[in-house]
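Have a look at input.csv below; it lists CSV, C-alpha atoms and all ligand atoms.
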```
chain,number,residue,atom,x,y,z
A,1,MET,CA,0.0,0.0,0.0
A,2,SER,CA,1.3,3.4,-0.9
A,3,GLU,CA,1.8,5.7,2.1
A,4,SER,CA,1.2,9.0,0.3
A,5,ASN,CA,-2.5,8.6,0.1
A,6,PHE,CA,-3.1,6.6,3.2
A,7,PRO,CA,-6.4,7.4,4.9
A,8,LYS,CA,-5.7,9.1,8.2
A,9,HIS,CA,-9.3,9.2,9.3
A,10,ILE,CA,-11.7,6.3,8.4
A,11,ALA,CA,-15.4,6.6,9.3
A,12,ILE,CA,-17.7,3.6,9.2
A,13,ILE,CA,-21.5,3.2,9.2
A,14,MET,CA,-21.7,-0.3,10.7
A,15,ASP,CA,-25.0,-1.5,9.2
A,16,GLY,CA,-26.7,-4.8,8.7
A,17,ASN,CA,-26.6,-6.5,12.1
A,18,GLY,CA,-30.3,-7.2,12.1
A,19,ARG,CA,-30.4,-8.7,8.6
A,20,TRP,CA,-27.3,-10.8,9.4
A,21,ALA,CA,-29.2,-12.3,12.3
A,22,LYS,CA,-32.5,-12.7,10.4
A,23,GLU,CA,-30.7,-14.6,7.6
A,24,ARG,CA,-29.6,-17.1,10.3
A,25,GLY,CA,-33.0,-17.3,12.0
A,26,LEU,CA,-31.6,-15.5,15.1
A,27,LYS,CA,-32.9,-12.5,17.0
A,28,ARG,CA,-31.6,-9.1,15.9
A,29,THR,CA,-29.7,-8.9,19.2
A,30,ALA,CA,-27.5,-11.8,18.1
A,31,GLY,CA,-26.4,-9.7,15.1
A,32,HIS,CA,-25.4,-6.8,17.5
A,33,GLU,CA,-23.4,-9.2,19.6
A,34,GLU,CA,-21.5,-10.5,16.6
A,35,GLY,CA,-21.1,-6.9,15.3
A,36,ALA,CA,-19.3,-5.9,18.5
A,37,LYS,CA,-16.6,-8.6,17.9
A,38,VAL,CA,-16.0,-7.2,14.4
A,39,VAL,CA,-15.5,-3.7,16.0
A,40,ARG,CA,-12.6,-5.1,18.0
A,41,ASN,CA,-11.0,-6.8,15.0
A,42,ILE,CA,-11.3,-3.8,12.7
A,43,THR,CA,-10.1,-1.5,15.5
A,44,ILE,CA,-6.9,-3.5,16.2
A,45,HIS,CA,-6.3,-3.8,12.4
A,46,CYS,CA,-6.6,0.0,11.9
A,47,ALA,CA,-4.2,0.6,14.9
A,48,LYS,CA,-1.6,-1.7,13.3
A,49,LEU,CA,-2.0,0.0,9.9
A,50,GLY,CA,-1.3,3.4,11.4
A,51,VAL,CA,-4.7,4.9,10.9
A,52,LYS,CA,-5.1,7.9,13.3
A,53,TYR,CA,-8.9,8.1,13.7
A,54,LEU,CA,-11.5,5.4,13.3
A,55,THR,CA,-15.0,6.8,13.8
A,56,LEU,CA,-17.7,4.2,14.2
A,57,TYR,CA,-21.4,4.9,14.1
A,58,ALA,CA,-22.8,2.8,16.9
A,59,PHE,CA,-26.1,4.5,17.9
A,60,SER,CA,-27.9,7.3,16.1
A,61,THR,CA,-30.2,10.0,17.4
A,62,GLU,CA,-32.9,8.2,15.3
A,63,ASN,CA,-32.2,4.7,16.8
A,64,TRP,CA,-34.3,5.5,19.9
A,65,SER,CA,-37.3,4.8,17.7
A,66,ARG,CA,-36.4,1.0,17.7
A,67,PRO,CA,-38.3,-1.4,20.0
A,68,LYS,CA,-37.6,-0.8,23.6
A,69,LEU,CA,-36.1,-4.2,24.2
A,70,GLU,CA,-33.6,-3.7,21.3
A,71,VAL,CA,-32.6,-0.3,22.6
A,72,GLU,CA,-32.1,-1.7,26.2
A,73,TYR,CA,-30.0,-4.5,24.8
A,74,LEU,CA,-27.8,-2.1,22.8
A,75,MET,CA,-27.2,0.0,25.9
A,76,LYS,CA,-26.2,-3.1,27.9
A,77,LEU,CA,-24.0,-4.3,25.1
A,78,LEU,CA,-22.3,-0.9,24.8
A,79,GLU,CA,-21.4,-0.9,28.5
A,80,LYS,CA,-20.1,-4.5,28.4
A,81,TYR,CA,-18.1,-3.8,25.2
A,82,LEU,CA,-16.4,-0.7,26.7
A,83,LYS,CA,-15.5,-2.5,30.0
A,84,ASN,CA,-14.1,-5.5,28.1
A,85,GLU,CA,-12.2,-3.3,25.6
A,86,LEU,CA,-10.1,-1.4,28.1
A,87,GLU,CA,-7.4,-4.1,28.0
A,88,THR,CA,-7.3,-4.1,24.2
A,89,PHE,CA,-7.1,-0.3,24.1
A,90,LEU,CA,-4.2,-0.3,26.6
A,91,LYS,CA,-2.4,-3.1,24.9
A,92,ASN,CA,-2.6,-1.5,21.4
A,93,ASN,CA,-1.9,2.1,22.4
A,94,ILE,CA,-5.5,3.1,21.4
A,95,ARG,CA,-7.2,6.2,22.8
A,96,PHE,CA,-11.0,6.1,23.2
A,97,LYS,CA,-13.4,8.9,22.6
A,98,ALA,CA,-17.1,9.3,22.1
A,99,ILE,CA,-19.0,11.8,20.1
A,100,GLY,CA,-22.8,12.6,20.3
A,101,ASP,CA,-25.1,13.8,23.0
A,102,LEU,CA,-24.1,11.6,25.9
A,103,SER,CA,-26.5,13.3,28.3
A,104,LYS,CA,-29.3,11.0,27.2
A,105,PHE,CA,-27.6,7.9,28.5
A,106,SER,CA,-27.8,6.4,32.0
A,107,LYS,CA,-25.4,7.8,34.6
A,108,SER,CA,-23.7,4.4,34.7
A,109,LEU,CA,-23.0,4.3,31.0
A,110,GLN,CA,-21.9,7.9,31.0
A,111,ASN,CA,-19.4,7.1,33.8
A,112,THR,CA,-18.1,4.1,31.9
A,113,ILE,CA,-17.6,6.2,28.7
A,114,LYS,CA,-15.8,8.9,30.8
A,115,GLU,CA,-13.6,6.3,32.6
A,116,ILE,CA,-12.4,4.5,29.5
A,117,GLY,CA,-11.7,7.9,27.9
A,118,GLU,CA,-9.6,9.0,30.8
A,119,LYS,CA,-7.7,5.7,31.2
A,120,THR,CA,-6.7,5.8,27.5
A,121,ALA,CA,-6.2,9.5,27.2
A,122,ASN,CA,-2.4,9.3,27.0
A,123,ASN,CA,-2.3,6.6,24.3
A,124,SER,CA,-0.8,8.0,21.1
A,125,GLY,CA,-1.7,5.4,18.4
A,126,LEU,CA,-5.2,5.1,16.9
A,127,THR,CA,-8.1,7.1,18.3
A,128,GLN,CA,-11.3,4.9,18.3
A,129,VAL,CA,-14.3,7.2,18.3
A,130,LEU,CA,-17.7,5.8,18.9
A,131,ALA,CA,-20.6,7.9,17.7
A,132,LEU,CA,-23.2,7.4,20.5
A,133,ASN,CA,-26.6,9.1,20.4
A,134,TYR,CA,-25.0,10.9,17.5
A,135,GLY,CA,-26.8,12.8,14.8
A,136,SER,CA,-25.1,15.2,12.5
A,137,LYS,CA,-27.9,17.7,12.6
A,138,ASP,CA,-28.0,17.6,16.4
A,139,GLU,CA,-24.2,18.1,16.5
A,140,ILE,CA,-24.4,21.1,14.2
A,141,LEU,CA,-27.1,22.8,16.2
A,142,ARG,CA,-25.2,22.1,19.5
A,143,ALA,CA,-22.1,23.6,17.8
A,144,ILE,CA,-24.0,26.8,16.8
A,145,ARG,CA,-25.1,27.2,20.4
A,146,LYS,CA,-21.5,26.8,21.6
A,147,LEU,CA,-20.3,29.4,19.0
A,148,ASN,CA,-22.9,31.8,20.4
A,149,GLU,CA,-22.1,31.1,24.0
A,150,ARG,CA,-18.3,31.6,23.4
A,151,ASN,CA,-19.1,34.7,21.4
A,152,LEU,CA,-17.0,33.5,18.5
A,153,GLU,CA,-16.9,34.9,15.0
A,154,VAL,CA,-18.6,32.6,12.5
A,155,ASN,CA,-15.9,31.0,10.3
A,156,GLU,CA,-14.9,27.4,9.5
A,157,LYS,CA,-12.2,27.2,12.0
A,158,ASN,CA,-14.3,28.4,14.9
A,159,PHE,CA,-17.3,26.3,13.9
A,160,GLU,CA,-15.1,23.1,13.7
A,161,SER,CA,-13.7,23.9,17.1
A,162,CYS,CA,-17.3,23.6,18.5
A,163,LEU,CA,-18.1,20.3,16.8
A,164,ASP,CA,-17.9,17.0,18.7
A,165,THR,CA,-15.0,16.1,16.4
A,166,ALA,CA,-12.9,19.2,17.3
A,167,GLY,CA,-9.3,18.4,16.9
A,168,PHE,CA,-9.8,15.3,14.7
A,169,SER,CA,-8.6,15.5,11.1
A,170,GLU,CA,-11.3,15.5,8.4
A,171,VAL,CA,-12.8,12.2,7.2
A,172,ASP,CA,-10.7,10.7,4.4
A,173,LEU,CA,-12.7,7.5,3.8
A,174,LEU,CA,-16.3,6.8,4.6
A,175,ILE,CA,-17.4,3.1,4.5
A,176,ARG,CA,-21.0,1.9,4.8
A,177,THR,CA,-21.8,-1.8,5.0
A,178,SER,CA,-25.1,-3.7,4.2
A,179,GLY,CA,-25.8,-2.2,0.8
A,180,GLU,CA,-27.6,1.0,1.9
A,181,ILE,CA,-26.4,4.0,0.0
A,182,ARG,CA,-27.1,6.9,2.3
A,183,LEU,CA,-25.5,8.9,5.1
A,184,SER,CA,-28.3,8.5,7.7
A,185,ASN,CA,-27.3,11.8,9.5
A,186,TYR,CA,-23.7,10.8,9.9
A,187,LEU,CA,-20.9,13.4,9.9
A,188,LEU,CA,-22.5,15.6,7.3
A,189,TRP,CA,-19.9,18.4,7.7
A,190,GLN,CA,-16.9,16.2,8.2
A,191,ASN,CA,-17.6,14.1,5.1
A,192,ALA,CA,-17.5,17.2,2.9
A,193,TYR,CA,-14.6,15.8,0.9
A,194,ALA,CA,-14.5,12.1,2.0
A,195,GLU,CA,-14.1,9.4,-0.5
A,196,MET,CA,-17.0,7.0,-0.1
A,197,PHE,CA,-17.2,3.2,-0.3
A,198,PHE,CA,-20.4,1.2,-0.1
A,199,THR,CA,-20.3,-2.5,0.3
A,200,SER,CA,-23.1,-5.0,0.4
A,201,THR,CA,-21.4,-7.0,3.1
A,202,LEU,CA,-23.4,-7.1,6.4
A,203,TRP,CA,-21.4,-5.6,9.3
A,204,PRO,CA,-20.9,-8.9,11.2
A,205,ASP,CA,-19.3,-10.4,8.0
A,206,PHE,CA,-17.0,-7.4,7.5
A,207,SER,CA,-13.4,-8.5,7.6
A,208,THR,CA,-9.9,-7.0,7.8
A,209,ASN,CA,-9.3,-8.4,4.2
A,210,GLU,CA,-12.2,-6.4,2.9
A,211,LEU,CA,-10.9,-3.3,4.7
A,212,ASP,CA,-7.5,-3.8,3.1
A,213,TYR,CA,-9.2,-4.1,-0.3
A,214,ILE,CA,-11.1,-0.8,0.3
A,215,ILE,CA,-8.0,1.0,1.4
A,216,ASP,CA,-6.2,-0.2,-1.7
A,217,ASP,CA,-9.1,1.2,-3.8
A,218,PHE,CA,-8.9,4.5,-1.8
A,219,ASN,CA,-5.2,4.7,-2.6
A,220,LYS,CA,-5.9,4.5,-6.3
A,221,ARG,CA,-8.4,7.4,-6.3
A,222,GLN,CA,-7.4,10.9,-7.2
A,223,ARG,CA,-8.6,13.4,-4.7
A,224,ARG,CA,-8.9,16.8,-6.3
A,225,PHE,CA,-10.6,19.0,-3.7
A,226,GLY,CA,-12.0,21.2,-6.4
A,227,GLY,CA,-8.7,21.6,-8.2
A,228,VAL,CA,-7.6,20.0,-11.5
B,301,LIG,C1,-26.6,-1.5,12.6
B,301,LIG,O1,-27.3,-2.6,12.2
B,301,LIG,C2,-26.4,-1.4,14.1
B,301,LIG,C3,-27.2,-0.3,14.7
B,301,LIG,C4,-27.9,0.6,14.0
B,301,LIG,C5,-27.2,-0.2,16.1
B,301,LIG,P1,-28.9,-2.6,12.1
B,301,LIG,O2,-29.5,-2.9,13.5
B,301,LIG,O3,-29.3,-1.3,11.6
B,301,LIG,O4,-29.2,-3.8,11.1
B,301,LIG,P2,-30.2,-3.8,9.9
B,301,LIG,O5,-30.0,-2.6,9.1
B,301,LIG,O6,-31.6,-3.8,10.6
B,301,LIG,O7,-29.9,-5.1,9.2
B,302,LIG,C1,-27.3,4.0,10.8
B,302,LIG,O1,-27.9,2.8,10.6
B,302,LIG,C2,-27.0,4.1,12.3
B,302,LIG,C3,-25.9,3.2,12.8
B,302,LIG,C4,-25.2,2.4,12.0
B,302,LIG,C5,-25.7,3.3,14.2
B,302,LIG,P1,-29.5,2.6,10.6
B,302,LIG,O2,-29.8,1.2,10.2
B,302,LIG,O3,-30.1,3.2,11.8
B,302,LIG,O4,-29.9,3.6,9.4
B,302,LIG,P2,-31.2,3.6,8.4
B,302,LIG,O5,-32.4,3.7,9.3
B,302,LIG,O6,-31.2,2.4,7.6
B,302,LIG,O7,-31.0,4.8,7.6
B,303,MG,MG,-29.7,-0.6,9.7
```
Could you spell out this file's structure in structure tokens?
Amino acid sequence: MSESNFPKHIAIIMDGNGRWAKERGLKRTAGHEEGAKVVRNITIHCAKLGVKYLTLYAFSTENWSRPKLEVEYLMKLLEKYLKNELETFLKNNIRFKAIGDLSKFSKSLQNTIKEIGEKTANNSGLTQVLALNYGSKDEILRAIRKLNERNLEVNEKNFESCLDTAGFSEVDLLIRTSGEIRLSNYLLWQNAYAEMFFTSTLWPDFSTNELDYIIDDFNKRQRRFGGV
């Protein structure tokens, strides 16, 4: 793989857990459980490749509209995942961060998110970012409120400093699994010049081999940013 074009920031819309389970005659929750394992494999792989930011869409502002039991299951899975992951994060020099409006979560989940963030804050390899109760429209509105509160002039730099992704580099490569070709309210501002890749693979079947293939494809693209 050529280094020159290497994606520094990869964002993934991890979609298709429910369909993966349905295909196997399992409950949707089994798909989420399997999906969480894939998160670990892909994260470690990205850390080894030298990716700096891996931003994963785990729960959207719209996902609250799912059946209560599924939402409850996802909350429990999230907490379990984070507690289990600490060891992986420390072993692989991974820093953990969350974006989204975390105030809607239980105190216990909020504390776990905070704790894992603090315990990994000094790691200098990959930053794994989980988008939790994240919606791009919500993030943009919260950023505008912050701009006003801080009395800042409206320009790109100040606006970006008020986004949840402040300090991260822009998204280079956006991947969505499961065959859906839409953004579903994900990183609308940050994806302004991202290269996009849509695969029909369901998230629990997504592999490090497929990611390597996608990164190779990314490396062959010519990013023009409006130039010639
Ligand atoms: C993505 O898989 C995971 C979350 C949104 C939490 P889905 O649960 O959306 O799976 P499908 O799209 O129904 O197959
Ligand atoms: C997007 O997937 C959100 C996450 C992956 C967390 P959805 O399955 O919720 O998106 P839609 O409803 O198909 O657009
Ligand atoms: Mg879906």
Item to check | Selection as a VMD selection string: residues within 8 Å of ligand LIG 301 (chain B) by only C-alpha atoms and all ligand atoms | outcome: chain A and resid 13 to 21 28 31 to 32 35 57 to 60 63 74 178 202 to 203
Give me the box for ligand LIG 302 (chain B) as JSON, namely the centre and edge lengths in Å to one decimal of a box along x, y and z that holds every listed atom plus 5 Å on each side.
```
{"center_x": -28.8, "center_y": 3.0, "center_z": 10.9, "size_x": 17.2, "size_y": 13.6, "size_z": 16.6}
```
Checklist entry - Quick one, how far is CA of Gly179 in chain A from CA of Ala30 in chain A? => result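 Atom-to-atom, CA of Gly179 in chain A to CA of Ala30 in chain A, that is 19.9 Å.
Among the candidate residues A:Asn185, A:Asn158, A:Asn123, A:Gln190, the one lying nearest to ligand LIG 302 (chain B) is A:Asn185, with distances computed using all atoms listed in the file.
Among the candidates A:Leu26, A:Ala131, A:Leu90, A:Val154, the one nearest to Ile44 in chain A when counting all atoms listed in the file is A:Leu90.
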Checklist entry - If you measure from CA of Glu180 in chain A to CA of Phe197 in chain A, what distance in Å do you get, rounded to one decimal? => result 10.9 Å
Item to check | Who sits within 10 Å of range 45-52 of chain A, all atoms listed in the file, same chain under 2 positions skipped, as a list in words | outcome: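 Within the cut-off, the hits are Phe6, Pro7, Lys8, His9, Ile10, Val39, Arg40, Asn41, Ile42, Thr43, Leu54, Thr55, Phe89, Asn92, Asn93, Ile94, Arg95, Ser124, Gly125, Leu126, Thr127, Gln128, Phe168, Ser169, Ser207, Thr208, Asn209, Leu211 and Asp212 of chain A.
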Checklist entry - A:Tyr213, A:Tyr186, A:Tyr73, A:Phe198: which is nearest Val171 in chain A, counting only C-alpha atoms? => result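 Closest to Val171 in chain A, using only C-alpha atoms: A:Tyr186.
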Next on the checklist: Just checking: using only C-alpha atoms and all ligand atoms, which residue out of A:Lys220, A:Lys80, A:Arg176, A:Lys104 ends up closest to ligand MG 303 (chain B)?
Outcome noted: A:Arg176
Next on the checklist: Rounded to one decimal, what separation in Å do you get between CA of Glu70 in chain A and CA of Lys27 in chain A?
Outcome noted: 9.8 Å
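Shortest separation to ligand MG 303 (chain B) among A:Thr177, A:Asn151, A:Thr165, A:Asn219 occurs at residue A:Thr177, atoms counted being all atoms listed in the file.
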Item to check | Contact residues around Glu72 in chain A with all atoms listed in the file at 12 Å, ignoring same-chain residues under 6 positions, as a ChimeraX atom specification | outcome: /A:29,59,63-66,78-79,105-106,109
File of the preceding selection, C-alpha atoms, as a PDB file, in the frame of the given file:
```pdb
ATOM      1  CA  THR A  29     -29.700  -8.900  19.200  1.00  0.00           C
ATOM      2  CA  PHE A  59     -26.100   4.500  17.900  1.00  0.00           C
ATOM      3  CA  ASN A  63     -32.200   4.700  16.800  1.00  0.00           C
ATOM      4  CA  TRP A  64     -34.300   5.500  19.900  1.00  0.00           C
ATOM      5  CA  SER A  65     -37.300   4.800  17.700  1.00  0.00           C
ATOM      6  CA  ARG A  66     -36.400   1.000  17.700  1.00  0.00           C
ATOM      7  CA  LEU A  78     -22.300  -0.900  24.800  1.00  0.00           C
ATOM      8  CA  GLU A  79     -21.400  -0.900  28.500  1.00  0.00           C
ATOM      9  CA  PHE A 105     -27.600   7.900  28.500  1.00  0.00           C
ATOM     10  CA  SER A 106     -27.800   6.400  32.000  1.00  0.00           C
ATOM     11  CA  LEU A 109     -23.000   4.300  31.000  1.00  0.00           C
TER      12      LEU A 109
END
```
Next on the checklist: Counting all atoms listed in the file, which residue out of A:Pro67, A:Gly227, A:Gly25, A:Gly135 sits closest to ligand LIG 302 (chain B)?
Outcome noted: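 For ligand LIG 302 (chain B), the nearest of the candidates is A:Gly135.
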Checklist entry - Hey, what's within 8 Å of range 136-150 of chain A if we count only C-alpha atoms and toss same-chain stuff fewer than 6 positions away? As a list in words, please? => result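 The filter keeps Thr61, Gly100, Asp101, Asn158, Phe159, Cys162, Leu163, Asp164, Asn185, Tyr186, Leu187, Leu188 and Trp189 of chain A.
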